[in-house]
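Enquirer: File entry_31.txt below, compact mmCIF, C-alpha atoms:
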# COMPACT_ATOMS: atom_id res chain seq x y z
CA MET A 1 -10.63 -5.95 19.53
CA ASN A 2 -10.90 -8.11 16.46
CA ASP A 3 -9.60 -5.86 13.74
CA VAL A 4 -11.23 -7.52 10.75
CA ILE A 5 -12.91 -4.70 8.86
CA PHE A 6 -15.93 -5.14 6.62
CA GLU A 7 -16.92 -2.46 4.12
CA THR A 8 -20.61 -1.76 4.61
CA VAL A 9 -23.02 1.16 4.31
CA ILE A 10 -24.56 2.88 7.32
CA SER A 11 -27.89 4.68 6.93
CA THR A 12 -29.10 7.16 9.55
CA VAL A 13 -31.78 9.82 9.79
CA ALA A 14 -31.28 13.39 11.01
CA ALA A 15 -33.63 15.09 13.50
CA ASP A 16 -35.42 16.80 10.60
CA GLY A 17 -36.00 13.46 8.90
CA THR A 18 -33.26 13.76 6.26
CA PRO A 19 -31.75 10.34 5.53
CA HIS A 20 -27.98 9.97 5.32
CA VAL A 21 -26.22 7.10 3.57
CA ALA A 22 -22.47 6.61 4.07
CA PRO A 23 -20.05 3.75 3.43
CA MET A 24 -18.21 2.71 6.57
CA GLY A 25 -15.75 0.01 7.52
CA VAL A 26 -17.22 -1.80 10.52
CA ARG A 27 -16.03 -4.42 12.98
CA TYR A 28 -18.09 -7.25 14.45
CA ARG A 29 -17.57 -8.12 18.11
CA GLY A 30 -19.82 -10.88 19.33
CA ALA A 31 -23.35 -9.81 18.46
CA GLU A 32 -22.39 -6.14 18.42
CA VAL A 33 -21.39 -3.97 15.49
CA ILE A 34 -18.60 -1.47 16.20
CA LEU A 35 -18.62 1.83 14.32
CA MET A 36 -15.65 4.20 14.41
CA PRO A 37 -16.58 7.26 12.33
CA PHE A 38 -13.95 9.94 11.75
CA LYS A 39 -15.05 13.36 13.00
CA PRO A 40 -16.75 15.37 11.63
CA SER A 41 -19.38 12.83 10.57
CA THR A 42 -23.06 13.23 9.76
CA THR A 43 -23.50 9.55 10.60
CA LEU A 44 -22.04 10.21 14.06
CA ALA A 45 -24.20 13.31 14.62
CA ASN A 46 -27.33 11.40 13.62
CA ILE A 47 -26.55 8.47 15.91
CA VAL A 48 -25.75 10.78 18.81
CA ALA A 49 -29.12 12.51 18.33
CA ASP A 50 -31.25 9.45 17.59
CA ALA A 51 -29.33 6.47 19.07
CA HIS A 52 -30.11 4.32 16.03
CA ALA A 53 -28.61 3.32 12.67
CA VAL A 54 -28.98 0.69 9.98
CA LEU A 55 -26.13 -1.51 8.78
CA ASN A 56 -26.60 -2.30 5.08
CA ILE A 57 -24.70 -5.19 3.50
CA VAL A 58 -24.35 -4.09 -0.10
CA THR A 59 -22.63 -5.52 -3.19
CA ASP A 60 -23.83 -2.76 -5.53
CA THR A 61 -20.56 -0.83 -5.58
CA ARG A 62 -22.26 2.24 -7.06
CA VAL A 63 -23.09 3.16 -3.46
CA PHE A 64 -19.38 3.20 -2.53
CA ALA A 65 -18.26 4.96 -5.71
CA GLY A 66 -21.17 7.40 -5.50
CA SER A 67 -20.26 8.56 -2.03
CA VAL A 68 -16.84 9.84 -3.20
CA THR A 69 -18.19 11.31 -6.45
CA GLY A 70 -21.08 13.33 -5.10
CA ARG A 71 -23.91 10.81 -5.50
CA ARG A 72 -25.76 9.96 -2.33
CA THR A 73 -29.38 9.52 -3.45
CA TRP A 74 -30.35 5.87 -3.32
CA GLN A 75 -33.64 4.02 -3.17
CA LEU A 76 -34.54 3.60 0.50
CA GLN A 77 -37.03 1.51 2.41
CA PRO A 78 -38.30 2.16 5.93
CA ALA A 79 -36.67 0.08 8.67
CA GLU A 80 -38.88 -2.46 10.43
CA ARG A 81 -38.29 -1.82 14.14
CA ILE A 82 -36.58 1.55 14.37
CA ALA A 83 -37.35 5.00 12.94
CA GLY A 84 -34.73 4.57 10.23
CA VAL A 85 -34.16 3.60 6.62
CA ARG A 86 -32.35 0.87 4.79
CA LEU A 87 -30.98 0.71 1.26
CA GLU A 88 -33.31 -1.04 -1.16
CA CYS A 89 -30.28 -2.72 -2.77
CA ALA A 90 -29.02 -4.20 0.54
CA LEU A 91 -28.57 -7.97 0.40
CA ASN A 92 -29.36 -7.90 4.08
CA HIS A 93 -29.65 -5.23 6.75
CA VAL A 94 -29.31 -4.98 10.50
CA GLU A 95 -31.19 -2.39 12.56
CA LEU A 96 -28.97 -1.11 15.36
CA ALA A 97 -29.37 0.71 18.68
CA LEU A 98 -26.52 2.58 20.37
CA ALA A 99 -25.27 0.59 23.38
CA GLU A 100 -22.21 2.69 24.26
CA LEU A 101 -20.41 5.72 22.90
CA ARG A 102 -16.77 6.19 23.85
CA ASP A 103 -15.91 9.66 22.64
CA ASP A 104 -12.59 10.57 21.10
CA PRO A 105 -11.28 13.80 19.57
CA GLN A 106 -10.82 12.09 16.20
CA ARG A 107 -12.55 8.75 16.12
CA PRO A 108 -15.16 7.80 18.73
CA VAL A 109 -16.12 4.14 19.18
CA LEU A 110 -19.82 3.28 18.98
CA ARG A 111 -20.95 -0.12 20.23
CA MET A 112 -24.22 -0.88 18.47
CA ALA A 113 -26.63 -3.64 19.52
CA ARG A 114 -28.78 -5.58 17.04
CA VAL A 115 -32.49 -4.80 17.15
CA PHE A 116 -33.62 -6.58 14.01
CA GLU A 117 -32.15 -8.10 10.87
CA ALA A 118 -33.50 -9.38 7.57
CA SER A 119 -32.21 -10.87 4.30
CA HIS A 120 -33.38 -9.59 0.94
CA ALA A 121 -31.20 -11.29 -1.67
CA PRO A 122 -28.56 -14.03 -1.68
CA TYR A 123 -24.84 -13.36 -1.90
CA ILE A 124 -23.66 -14.93 -5.16
CA GLY A 125 -19.88 -14.81 -4.83
CA PHE A 126 -16.77 -12.65 -5.05
CA ASN A 127 -16.62 -10.36 -8.03
CA ARG A 128 -13.12 -8.99 -8.65
CA ALA A 129 -14.52 -5.86 -10.30
CA GLN A 130 -16.48 -5.02 -7.16
CA ALA A 131 -13.30 -5.25 -5.12
CA ALA A 132 -11.49 -3.12 -7.71
CA VAL A 133 -14.20 -0.44 -7.41
CA ILE A 134 -13.83 -0.44 -3.62
CA GLU A 135 -10.06 0.05 -3.94
CA ALA A 136 -10.52 2.78 -6.56
CA ALA A 137 -13.09 4.54 -4.34
CA ILE A 138 -10.54 4.59 -1.52
CA LEU A 139 -7.90 6.00 -3.89
CA ALA A 140 -10.40 8.59 -5.13
CA SER A 141 -11.05 9.69 -1.55
CA ARG A 142 -7.30 10.28 -1.04
CA LEU A 143 -6.41 12.23 -4.17
CA HIS A 144 -4.93 15.05 -2.11
CA LEU A 145 -2.88 12.66 0.03
CA LEU A 146 -1.31 10.25 -2.43
CA PRO A 147 1.27 10.76 -5.19
CA ARG A 148 -0.32 11.04 -8.63
CA GLU A 149 2.03 8.43 -10.04
CA ARG A 150 0.93 5.85 -7.47
CA ILE A 151 -2.75 6.54 -8.10
CA GLU A 152 -2.33 6.25 -11.86
CA ARG A 153 -0.37 3.01 -11.56
CA GLU A 154 -2.93 1.43 -9.23
CA ILE A 155 -5.91 2.62 -11.30
CA ALA A 156 -4.32 1.13 -14.43
CA ALA A 157 -3.94 -2.24 -12.69
CA LEU A 158 -7.49 -2.16 -11.29
CA GLU A 159 -8.92 -1.21 -14.69
CA ILE A 160 -7.68 -4.49 -16.16
CA VAL A 161 -9.69 -6.39 -13.55
CA VAL A 162 -12.77 -4.26 -14.17
CA ALA A 163 -12.57 -4.85 -17.93
CA LYS A 164 -12.45 -8.62 -17.34
CA THR A 165 -15.07 -9.13 -14.65
CA ALA A 166 -17.42 -6.12 -14.31
CA GLY A 167 -21.16 -6.04 -14.80
CA PRO A 168 -23.10 -2.87 -15.68
CA ASN A 169 -23.23 -1.59 -12.07
CA GLU A 170 -19.50 -2.04 -11.56
CA GLN A 171 -18.78 -0.37 -14.91
CA THR A 172 -20.95 2.62 -13.95
CA ALA A 173 -19.23 2.89 -10.56
CA TRP A 174 -15.84 2.64 -12.24
CA ASP A 175 -16.69 5.35 -14.79
CA TRP A 176 -17.78 7.74 -11.99
CA LEU A 177 -14.50 7.22 -10.15
CA LYS A 178 -12.38 7.50 -13.30
CA THR A 179 -14.05 10.82 -14.21
CA THR A 180 -13.50 12.19 -10.71
CA ILE A 181 -9.85 11.14 -10.66
CA GLU A 182 -9.19 12.49 -14.17
CA SER A 183 -10.87 15.82 -13.48
CA HIS A 184 -8.84 16.18 -10.28
CA PHE A 185 -5.57 15.69 -12.08
CA GLY A 186 -6.79 17.77 -15.00
CA ALA A 187 -7.42 20.59 -12.53
CA ILE A 188 -3.93 20.18 -11.11
CA GLU A 189 -2.40 20.47 -14.57
CA THR A 190 -4.44 23.60 -15.33
CA THR A 191 -3.33 25.19 -12.08
CA ALA A 192 0.30 24.35 -12.76
CA SER A 193 0.35 25.65 -16.35
CA MET B 1 -23.58 -13.80 -22.63
CA ASN B 2 -23.38 -11.64 -19.53
CA ASP B 3 -19.70 -11.57 -18.75
CA VAL B 4 -19.86 -10.74 -15.06
CA ILE B 5 -17.65 -13.31 -13.39
CA PHE B 6 -18.06 -14.45 -9.78
CA GLU B 7 -15.29 -16.31 -7.99
CA THR B 8 -16.80 -19.43 -6.44
CA VAL B 9 -15.79 -22.98 -5.59
CA ILE B 10 -17.08 -26.00 -7.50
CA SER B 11 -17.18 -29.38 -5.76
CA THR B 12 -17.57 -32.58 -7.72
CA VAL B 13 -17.15 -36.30 -7.09
CA ALA B 14 -15.22 -38.76 -9.26
CA ALA B 15 -16.61 -42.15 -10.28
CA ASP B 16 -14.60 -43.78 -7.46
CA GLY B 17 -16.15 -41.41 -4.93
CA THR B 18 -13.16 -39.07 -4.53
CA PRO B 19 -14.35 -35.51 -3.94
CA HIS B 20 -12.72 -32.66 -5.84
CA VAL B 21 -12.84 -29.03 -4.75
CA ALA B 22 -11.72 -26.30 -7.16
CA PRO B 23 -12.16 -22.52 -7.30
CA MET B 24 -13.82 -21.40 -10.51
CA GLY B 25 -15.01 -18.13 -11.97
CA VAL B 26 -18.65 -18.68 -12.97
CA ARG B 27 -21.28 -16.71 -14.85
CA TYR B 28 -24.98 -16.54 -14.05
CA ARG B 29 -27.42 -16.55 -16.95
CA GLY B 30 -31.05 -16.50 -15.88
CA ALA B 31 -31.47 -19.38 -13.46
CA GLU B 32 -28.52 -21.24 -14.95
CA VAL B 33 -24.91 -21.30 -13.82
CA ILE B 34 -22.34 -21.33 -16.64
CA LEU B 35 -19.04 -23.12 -16.05
CA MET B 36 -16.11 -22.78 -18.46
CA PRO B 37 -13.29 -24.95 -17.12
CA PHE B 38 -9.94 -24.88 -18.90
CA LYS B 39 -8.86 -28.33 -20.13
CA PRO B 40 -7.51 -30.47 -18.62
CA SER B 41 -9.82 -30.24 -15.62
CA THR B 42 -10.79 -32.77 -12.97
CA THR B 43 -13.97 -30.75 -12.40
CA LEU B 44 -14.84 -31.14 -16.09
CA ALA B 45 -14.06 -34.87 -16.10
CA ASN B 46 -16.21 -35.40 -13.02
CA ILE B 47 -19.16 -33.46 -14.47
CA VAL B 48 -18.91 -35.30 -17.80
CA ALA B 49 -19.00 -38.61 -15.92
CA ASP B 50 -21.63 -37.75 -13.33
CA ALA B 51 -23.62 -34.78 -14.78
CA HIS B 52 -23.69 -33.03 -11.41
CA ALA B 53 -21.73 -30.46 -9.41
CA VAL B 54 -22.13 -28.17 -6.42
CA LEU B 55 -21.61 -24.41 -6.56
CA ASN B 56 -20.23 -23.20 -3.22
CA ILE B 57 -20.39 -19.52 -2.32
CA VAL B 58 -17.41 -19.08 -0.03
CA THR B 59 -15.81 -16.12 1.75
CA ASP B 60 -13.17 -18.22 3.52
CA THR B 61 -10.31 -17.32 1.18
CA ARG B 62 -8.17 -20.18 2.49
CA VAL B 63 -10.00 -22.34 -0.07
CA PHE B 64 -8.79 -20.11 -2.92
CA ALA B 65 -5.26 -19.74 -1.57
CA GLY B 66 -5.10 -23.43 -0.70
CA SER B 67 -5.87 -24.53 -4.23
CA VAL B 68 -2.75 -22.80 -5.61
CA THR B 69 -0.51 -23.86 -2.71
CA GLY B 70 -1.30 -27.57 -2.64
CA ARG B 71 -4.06 -27.62 -0.03
CA ARG B 72 -7.32 -29.13 -1.20
CA THR B 73 -8.66 -30.96 1.85
CA TRP B 74 -11.64 -29.13 3.31
CA GLN B 75 -14.49 -30.10 5.55
CA LEU B 76 -17.29 -31.42 3.36
CA GLN B 77 -20.97 -32.14 3.86
CA PRO B 78 -23.14 -34.39 1.70
CA ALA B 79 -25.34 -32.59 -0.83
CA GLU B 80 -29.11 -32.78 -0.25
CA ARG B 81 -30.53 -33.80 -3.63
CA ILE B 82 -27.60 -35.06 -5.68
CA ALA B 83 -24.80 -37.56 -5.05
CA GLY B 84 -22.33 -34.80 -4.34
CA VAL B 85 -20.65 -32.79 -1.62
CA ARG B 86 -20.60 -29.18 -0.52
CA LEU B 87 -18.04 -27.24 1.48
CA GLU B 88 -18.92 -26.93 5.14
CA CYS B 89 -17.71 -23.31 5.09
CA ALA B 90 -20.04 -22.32 2.21
CA LEU B 91 -22.29 -19.38 3.04
CA ASN B 92 -24.70 -20.94 0.62
CA HIS B 93 -24.58 -23.67 -1.99
CA VAL B 94 -26.41 -24.63 -5.15
CA GLU B 95 -26.70 -28.21 -6.35
CA LEU B 96 -26.42 -28.35 -10.12
CA ALA B 97 -27.27 -30.75 -12.96
CA LEU B 98 -25.68 -30.58 -16.39
CA ALA B 99 -28.17 -29.14 -18.92
CA GLU B 100 -25.85 -28.77 -21.91
CA LEU B 101 -22.17 -29.27 -22.68
CA ARG B 102 -20.70 -27.40 -25.63
CA ASP B 103 -17.27 -28.89 -26.12
CA ASP B 104 -14.23 -26.86 -27.09
CA PRO B 105 -10.57 -27.81 -27.51
CA GLN B 106 -9.57 -25.43 -24.69
CA ARG B 107 -12.59 -24.27 -22.75
CA PRO B 108 -15.94 -26.07 -23.04
CA VAL B 109 -19.10 -24.33 -21.87
CA LEU B 110 -21.29 -26.16 -19.36
CA ARG B 111 -24.83 -24.92 -18.78
CA MET B 112 -25.84 -26.13 -15.31
CA ALA B 113 -29.43 -26.12 -14.01
CA ARG B 114 -30.31 -25.59 -10.36
CA VAL B 115 -31.58 -28.65 -8.52
CA PHE B 116 -31.50 -27.33 -4.96
CA GLU B 117 -30.04 -24.49 -2.96
CA ALA B 118 -29.62 -23.61 0.70
CA SER B 119 -28.19 -20.86 2.88
CA HIS B 120 -25.92 -21.65 5.81
CA ALA B 121 -24.56 -18.30 7.03
CA PRO B 122 -25.19 -14.64 6.24
CA TYR B 123 -22.87 -12.54 4.11
CA ILE B 124 -21.50 -9.79 6.36
CA GLY B 125 -19.86 -7.42 3.89
CA PHE B 126 -16.84 -6.77 1.72
CA ASN B 127 -13.51 -7.45 3.32
CA ARG B 128 -10.60 -5.89 1.44
CA ALA B 129 -8.18 -8.54 2.69
CA GLN B 130 -10.35 -11.27 1.17
CA ALA B 131 -10.18 -9.50 -2.18
CA ALA B 132 -6.42 -9.08 -1.78
CA VAL B 133 -6.04 -12.82 -1.16
CA ILE B 134 -8.04 -13.58 -4.33
CA GLU B 135 -5.77 -11.29 -6.35
CA ALA B 136 -2.66 -12.79 -4.79
CA ALA B 137 -3.94 -16.31 -5.49
CA ILE B 138 -4.33 -15.38 -9.16
CA LEU B 139 -0.80 -13.96 -9.21
CA ALA B 140 0.52 -17.10 -7.50
CA SER B 141 -1.12 -19.23 -10.18
CA ARG B 142 0.73 -17.26 -12.88
CA LEU B 143 4.26 -17.18 -11.49
CA HIS B 144 5.66 -18.66 -14.70
CA LEU B 145 3.77 -16.20 -16.91
CA LEU B 146 4.29 -12.82 -15.26
CA PRO B 147 7.43 -10.71 -14.73
CA ARG B 148 8.84 -11.08 -11.25
CA GLU B 149 9.00 -7.32 -10.81
CA ARG B 150 5.26 -6.94 -11.48
CA ILE B 151 4.39 -9.74 -9.07
CA GLU B 152 6.56 -8.28 -6.31
CA ARG B 153 5.10 -4.80 -6.80
CA GLU B 154 1.50 -6.05 -6.73
CA ILE B 155 2.11 -8.32 -3.73
CA ALA B 156 3.65 -5.41 -1.81
CA ALA B 157 0.54 -3.27 -2.49
CA LEU B 158 -1.84 -6.09 -1.55
CA GLU B 159 0.08 -6.80 1.65
CA ILE B 160 -0.72 -3.32 2.96
CA VAL B 161 -4.44 -4.05 2.57
CA VAL B 162 -4.07 -7.44 4.28
CA ALA B 163 -2.23 -5.89 7.22
CA LYS B 164 -5.05 -3.39 7.69
CA THR B 165 -8.16 -5.51 7.23
CA ALA B 166 -7.42 -9.25 7.54
CA GLY B 167 -8.81 -11.70 10.04
CA PRO B 168 -7.08 -14.95 10.99
CA ASN B 169 -8.35 -16.87 7.93
CA GLU B 170 -7.21 -14.18 5.52
CA GLN B 171 -3.84 -13.98 7.27
CA THR B 172 -3.37 -17.73 6.97
CA ALA B 173 -4.33 -17.66 3.29
CA TRP B 174 -1.95 -14.77 2.72
CA ASP B 175 0.93 -16.56 4.45
CA TRP B 176 0.43 -19.66 2.30
CA LEU B 177 0.55 -17.58 -0.87
CA LYS B 178 3.53 -15.53 0.27
CA THR B 179 5.51 -18.68 1.04
CA THR B 180 4.69 -20.19 -2.35
CA ILE B 181 5.66 -17.01 -4.20
CA GLU B 182 8.87 -16.58 -2.22
CA SER B 183 9.92 -20.19 -2.66
CA HIS B 184 9.28 -19.92 -6.41
CA PHE B 185 11.52 -16.90 -6.74
CA GLY B 186 14.01 -18.37 -4.30
CA ALA B 187 14.21 -21.43 -6.55
CA ILE B 188 14.79 -19.21 -9.56
CA GLU B 189 17.66 -17.46 -7.81
CA THR B 190 19.20 -20.77 -6.80
CA THR B 191 18.96 -22.05 -10.37
CA ALA B 192 20.50 -18.87 -11.76
CA SER B 193 23.41 -18.76 -9.34
Output the file's structure in the form of structure tokens.
Expert:
Amino acid sequence: MNDVIFETVISTVAADGTPHVAPMGVRYRGAEVILMPFKPSTTLANIVADAHAVLNIVTDTRVFAGSVTGRRTWQLQPAERIAGVRLECALNHVELALAELRDDPQRPVLRMARVFEASHAPYIGFNRAQAAVIEAAILASRLHLLPRERIEREIAALEIVVAKTAGPNEQTAWDWLKTTIESHFGAIETTAS
Amino acid sequence: MNDVIFETVISTVAADGTPHVAPMGVRYRGAEVILMPFKPSTTLANIVADAHAVLNIVTDTRVFAGSVTGRRTWQLQPAERIAGVRLECALNHVELALAELRDDPQRPVLRMARVFEASHAPYIGFNRAQAAVIEAAILASRLHLLPRERIEREIAALEIVVAKTAGPNEQTAWDWLKTTIESHFGAIETTAS
């Protein structure tokens, strides 16, 4: 398998109609999109039940930062060809149907076929602050796994990039992550004292 | 001015017809694209002479890594509406005409108006390795300015991301940068011994 991983956002809908929006690293293989959600996963449960999902290509990093800081309510639009939703801020989206599910105790592999795709806004280039937010979101999702000193060092380096190149959305995303990281370590200090 | 900076590639043509391809951080202001090249700059000289340029939106990070490791020969296509060139690998490109040049001893400001734009390939999502290559390219362009210890620490952290998420193009770009950085520090050691 080609192991190039792209950070995207998958939107699914539960049996009761509740939408679920979750960042996910995906792989492309030919025309198919490969999802490998870690169990347990609402995205996985929804796809198993409904056999559909939407791949959202997003550069608004608030969606990535929000998902690790308790913010998952985003403007949605109905999908065109499936009973699903897409993110309104998606630059483009692909509506997907489950082609094959290879189950696994930890990380099943879902081969998803393209049903429909549409563009909504042009991609306008790399923004270093967006990449810094993605890295900080990954750090923020691993606060219990990584040494505090490493997290603080990496956040300090990323913050320089954010200060130089961020727009308002990146700054908001950064502030959410910073608050979450600081309150985590604040809590640790309180517990230790 | 909105200070959000996007990392793009500007292609220009000299009076003798020689194309010039250079990564540049640009700003968008309304419909205009703002360029602020540091002097001396072949891009600046070409725009002053010809009043045109092409903005290339590129995710093939070999172009960024190549520019700091002595590789500037890329597949080009003629522009549509101006006497210029675009990168064949551009996801999209914008043909630009100079609207205003505010000169400055170090960093003039060029307001560029859009003449034409076209899409060539869809954007398929963030790739962390691409962002890592951009950061490493910036480090590689500052080898004489930054402490060796900081560069080595940051390169080691970025390399983990590349190993996890790179495709062949990102791996090639990374290898070019790594070789350049190692030969710089190798040269320093040789000089010091």
Enquirer: Which residues of chain A are close to chain B, meaning at most 8 Å apart when you count all atoms listed in the file, and how do they look as a list in words?
Expert: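 Output check: Asn2, Asp3, Val4, Ile5, Phe6, Glu7, Thr8, Ile57, Val58, Thr59, Asn92, Tyr123, Ile124, Gly125, Phe126, Asn127, Arg128, Ala131, Lys164, Thr165, Ala166 and Gly167 of chain A.
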Enquirer: Store the residues picked out above, limited to C-alpha atoms, as a JSON list (two decimals), in the coordinates of the input.
Expert:
[["chain", "number", "residue", "atom", "x", "y", "z"],
["A", 2, "ASN", "CA", -10.90, -8.11, 16.46],
["A", 3, "ASP", "CA", -9.60, -5.86, 13.74],
["A", 4, "VAL", "CA", -11.23, -7.52, 10.75],
["A", 5, "ILE", "CA", -12.91, -4.70, 8.86],
["A", 6, "PHE", "CA", -15.93, -5.14, 6.62],
["A", 7, "GLU", "CA", -16.92, -2.46, 4.12],
["A", 8, "THR", "CA", -20.61, -1.76, 4.61],
["A", 57, "ILE", "CA", -24.70, -5.19, 3.50],
["A", 58, "VAL", "CA", -24.35, -4.09, -0.10],
["A", 59, "THR", "CA", -22.63, -5.52, -3.19],
["A", 92, "ASN", "CA", -29.36, -7.90, 4.08],
["A", 123, "TYR", "CA", -24.84, -13.36, -1.90],
["A", 124, "ILE", "CA", -23.66, -14.93, -5.16],
["A", 125, "GLY", "CA", -19.88, -14.81, -4.83],
["A", 126, "PHE", "CA", -16.77, -12.65, -5.05],
["A", 127, "ASN", "CA", -16.62, -10.36, -8.03],
["A", 128, "ARG", "CA", -13.12, -8.99, -8.65],
["A", 131, "ALA", "CA", -13.30, -5.25, -5.12],
["A", 164, "LYS", "CA", -12.45, -8.62, -17.34],
["A", 165, "THR", "CA", -15.07, -9.13, -14.65],
["A", 166, "ALA", "CA", -17.42, -6.12, -14.31],
["A", 167, "GLY", "CA", -21.16, -6.04, -14.80]]
Enquirer: For the atom pair atom CA of Leu35 of chain B and atom CA of Pro108 of chain B, what is the interatomic distance in Å to one decimal place?
Expert: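 A separation of 8.2 Å between them.
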Enquirer: From the set A:His52, A:His184, A:Arg72, A:Lys39, which residue has the shortest atom-to-atom contact distance to His144 of chain A, counting all atoms listed in the file?
Expert: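 Distance minimum relative to His144 of chain A lands on A:His184.
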Enquirer: So, with only C-alpha atoms as the atoms that count, which of A:Ile160, A:Leu87, A:Val48, A:Ala53 lies closest to Phe116 of chain A?
Expert: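 That would be A:Ala53, the residue with the smallest distance to Phe116 of chain A.
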Enquirer: Closest to Pro40 of chain A among A:Ser141, A:Thr172, A:Gln106, A:Ser183, using all atoms listed in the file?
Expert: A:Gln106
Enquirer: Looking at A:Asp16, A:Asp103, A:Arg81, A:Gly70, which one is nearest to Val115 of chain A, with distances taken over only C-alpha atoms?
Expert: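 Answer, going by the shortest atom-to-atom distance: A:Arg81.
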Enquirer: Scan for residues within 12 Å of the point (-17.3, 10.2, -13.9) in the coordinates of the file, using only C-alpha atoms, and reply as a list in words.
Expert: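 The answer, in the requested form, is Arg62, Ala65, Gly66, Val68, Thr69, Gly70, Arg71, Ala137, Ala140, Gln171, Thr172, Ala173, Trp174, Asp175, Trp176, Leu177, Lys178, Thr179, Thr180, Ile181, Glu182, Ser183 and His184 of chain A.
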Enquirer: Could you jot down the atom CA of Glu100 of chain A to atom CA of Met112 of chain A separation for me, Å, one decimal place?
Expert: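 It comes out at 7.1 Å.
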Enquirer: Rounded to one decimal in Å, what is the spacing between atom CA of Thr43 of chain A and atom CA of Leu110 of chain A?
Expert: 11.1 Å
Enquirer: Pick out the residues sitting within 6 Å of Ala51 of chain B, and hand them over as a count of residues only; count all atoms listed in the file, and ignore anything fewer than 2 positions along from it in its own chain.
Expert: 4
Enquirer: Measuring between only C-alpha atoms, which one of B:Glu32, B:Glu88, B:Asp60, B:Glu117 shows the shortest distance to Asn169 of chain B?
Expert: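 Going through B:Glu32, B:Glu88, B:Asp60, B:Glu117 one by one, the smallest distance to Asn169 of chain B is for B:Asp60.
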Enquirer: Skipping near chain neighbours, those fewer than 4 positions away, what residues fall within 10 Å of Ile151 of chain A using only C-alpha atoms, listed as an NGL selection string?
Expert: :A and (136 or 139-140 or 142-143 or 146-147 or 155-157 or 181)
